[in-house]
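Heads up, the thing below is written out as structure tokens.
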Amino acid sequence: MTRSPAPRPGPVPVLALGDVLLVTLQGELHDEAAEQLRSDIVHRIGSGPAPVGGVVIDVSGVEMVDSFLGRVLAEIAASARLLATRTVLAGMRPAVAITLVELGLTLPGLVTALDVGRALSLLTDTAPEALPGHPAHPAPAHPAHPEEGA
């Protein structure tokens with residue numbers, strides 16, 4: 001008797017809290033769900049019924065981030081920035097931070113906060129130009145391999 005594969009969870013909900021979109025990631029996020037999430041967030045920012053002032057992505061429920069998910073998070077932030085919206089990554093676990101550094105993922109344009117409350121405070125209490133990634137305060141450029149071409 002063969003077992004059918006476990007059903008994949010549905011799309012990740014994108015909740016509106018005033019002018020902030022809140023996304024809470026739980027467990028493993030499959031590649032298709034990550035791509036769908038990116039599309040959903042960018043669509044909501046670009047064509048939602050009301051202007052979006054910021055996006056908070058809560059990763060406190062994520063045990064592991066691979067290079068694909070790291071890239072999708074960076075792409076969400078880059079797309080949001082192009083649409084004049086700030087993105088804050090909240091609740092990163094130490095093991096996830098270590099993995100991102102080991103993978104060489106810098107996540108340009110993403111501001112981080114220890115928890116969702118602090119992320120919301122960053123978005124509501126901080127002028128947009130004071131956050132990294134804003135044109136007046138660009139994210140630092142990191143050479144991929146500084147030893148190359150030296």
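Residue numbering restarts at 1 for every chain of the structure tokens, chains are lettered A, B, ... in their displayed order, and ligands are numbered from 1 as they appear.
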
Task: DSSP helix (DSSP H, G or I) residues within range 22-140 of chain A, listed as a ChimeraX atom specification - done: /A:31-47,67-82,94-103,116-125,128-130

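Straight-line separation from CA of Arg86 in chain A to CA of Glu63 in chain A: 24.5 Å.
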
Open item on the list: If we count only C-alpha atoms and set the cut-off at 10 Å, which residues sit around Asp40 in chain A, ignoring sequence neighbours fewer than 2 positions away in its own chain? Please answer as a ChimeraX atom specification.
Closed with: /A:11-14,34-38,42-46,76

Open item on the list: Restricting the calculation to only C-alpha atoms: of A:Ser121, A:Thr85, A:Ser67, A:Ser79, which residue gets closest to Leu105 in chain A?
Closed with: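 Smallest separation from Leu105 in chain A among the options: A:Ser67.
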
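Candidate residues A:Ala84, A:Ala90, A:Ala97, A:Val62 were compared for distance to Leu114 in chain A, and the nearest is A:Ala90, using only C-alpha atoms.
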
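For range 14-74 of chain A, the set of residues given strand (DSSP E or B) by DSSP on the backbone reads Val14, Leu15, Ala16, Leu17, Val20, Leu21, Leu22, Val23, Thr24, Leu25, Gln26, Gly54, Val55, Val56, Ile57, Asp58, Val59, Ser60 and Gly61 of chain A.
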
TODO: Rounded to one decimal place, report the CA of Val55 in chain A-CA of Glu102 in chain A distance in Å.
DONE: 25.8 Å

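Near Val96 in chain A, within 9 Å and counting only C-alpha atoms, sit Val62, Glu63, Met64, Val65, Met92, Leu100 and Val101 of chain A, not including residues fewer than 4 positions from it in the same chain.
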
Mind writing the picked residues with all heavy atoms as a PDB file, in the first residue's frame?
```
ATOM      1  N   VAL A  62      10.083  30.155  11.628  1.00  0.00           N
ATOM      2  CA  VAL A  62      10.891  29.472  10.613  1.00  0.00           C
ATOM      3  C   VAL A  62      12.140  28.905  11.275  1.00  0.00           C
ATOM      4  O   VAL A  62      12.892  29.628  11.926  1.00  0.00           O
ATOM      5  CB  VAL A  62      11.276  30.448   9.468  1.00  0.00           C
ATOM      6  CG1 VAL A  62      12.227  29.793   8.487  1.00  0.00           C
ATOM      7  CG2 VAL A  62      10.028  30.945   8.768  1.00  0.00           C
ATOM      8  N   GLU A  63      12.338  27.611  11.113  1.00  0.00           N
ATOM      9  CA  GLU A  63      13.501  26.939  11.702  1.00  0.00           C
ATOM     10  C   GLU A  63      14.733  27.046  10.817  1.00  0.00           C
ATOM     11  O   GLU A  63      15.858  27.060  11.311  1.00  0.00           O
ATOM     12  CB  GLU A  63      13.189  25.452  11.917  1.00  0.00           C
ATOM     13  CG  GLU A  63      12.055  25.182  12.874  1.00  0.00           C
ATOM     14  CD  GLU A  63      12.447  25.367  14.315  1.00  0.00           C
ATOM     15  OE1 GLU A  63      13.642  25.227  14.633  1.00  0.00           O
ATOM     16  OE2 GLU A  63      11.545  25.674  15.117  1.00  0.00           O
ATOM     17  N   MET A  64      14.515  27.085   9.493  1.00  0.00           N
ATOM     18  CA  MET A  64      15.633  27.051   8.564  1.00  0.00           C
ATOM     19  C   MET A  64      15.304  27.893   7.332  1.00  0.00           C
ATOM     20  O   MET A  64      14.181  27.885   6.848  1.00  0.00           O
ATOM     21  CB  MET A  64      15.888  25.602   8.137  1.00  0.00           C
ATOM     22  CG  MET A  64      17.064  25.432   7.206  1.00  0.00           C
ATOM     23  SD  MET A  64      17.252  23.729   6.661  1.00  0.00           S
ATOM     24  CE  MET A  64      15.934  23.599   5.485  1.00  0.00           C
ATOM     25  N   VAL A  65      16.315  28.630   6.868  1.00  0.00           N
ATOM     26  CA  VAL A  65      16.179  29.402   5.636  1.00  0.00           C
ATOM     27  C   VAL A  65      17.234  28.905   4.670  1.00  0.00           C
ATOM     28  O   VAL A  65      18.415  28.854   4.999  1.00  0.00           O
ATOM     29  CB  VAL A  65      16.375  30.914   5.903  1.00  0.00           C
ATOM     30  CG1 VAL A  65      16.420  31.692   4.606  1.00  0.00           C
ATOM     31  CG2 VAL A  65      15.268  31.444   6.800  1.00  0.00           C
ATOM     32  N   MET A  92      13.849  36.921  13.641  1.00  0.00           N
ATOM     33  CA  MET A  92      14.812  35.944  13.132  1.00  0.00           C
ATOM     34  C   MET A  92      15.487  35.209  14.294  1.00  0.00           C
ATOM     35  O   MET A  92      15.958  35.818  15.237  1.00  0.00           O
ATOM     36  CB  MET A  92      15.874  36.629  12.267  1.00  0.00           C
ATOM     37  CG  MET A  92      16.798  35.635  11.585  1.00  0.00           C
ATOM     38  SD  MET A  92      18.020  36.407  10.520  1.00  0.00           S
ATOM     39  CE  MET A  92      17.019  37.370   9.433  1.00  0.00           C
ATOM     40  N   LEU A 100      22.121  32.274   7.227  1.00  0.00           N
ATOM     41  CA  LEU A 100      22.148  33.304   6.187  1.00  0.00           C
ATOM     42  C   LEU A 100      23.566  33.834   5.978  1.00  0.00           C
ATOM     43  O   LEU A 100      24.001  34.027   4.842  1.00  0.00           O
ATOM     44  CB  LEU A 100      21.202  34.455   6.543  1.00  0.00           C
ATOM     45  CG  LEU A 100      19.712  34.143   6.447  1.00  0.00           C
ATOM     46  CD1 LEU A 100      18.888  35.294   7.000  1.00  0.00           C
ATOM     47  CD2 LEU A 100      19.309  33.820   5.021  1.00  0.00           C
ATOM     48  N   VAL A 101      24.286  34.046   7.068  1.00  0.00           N
ATOM     49  CA  VAL A 101      25.669  34.519   6.960  1.00  0.00           C
ATOM     50  C   VAL A 101      26.536  33.459   6.288  1.00  0.00           C
ATOM     51  O   VAL A 101      27.343  33.762   5.407  1.00  0.00           O
ATOM     52  CB  VAL A 101      26.229  34.914   8.345  1.00  0.00           C
ATOM     53  CG1 VAL A 101      27.730  35.167   8.282  1.00  0.00           C
ATOM     54  CG2 VAL A 101      25.500  36.138   8.866  1.00  0.00           C
TER      55      VAL A 101
END
```

- [ ] Determine the nearest neighbour of Glu75 in chain A from the options A:Leu29, A:Ala95, A:Leu107, A:Val52, counting only C-alpha atoms.
- [x]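 The answer is A:Leu107, which sits nearest to Glu75 in chain A.
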
- [ ] Would you mind telling me which residue in A:Ala50, A:Leu69, A:Val20, A:Leu103 lies nearest to Val88 in chain A when using only C-alpha atoms?
- [x]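 Nearest candidate to Val88 in chain A out of A:Ala50, A:Leu69, A:Val20, A:Leu103: A:Val20.
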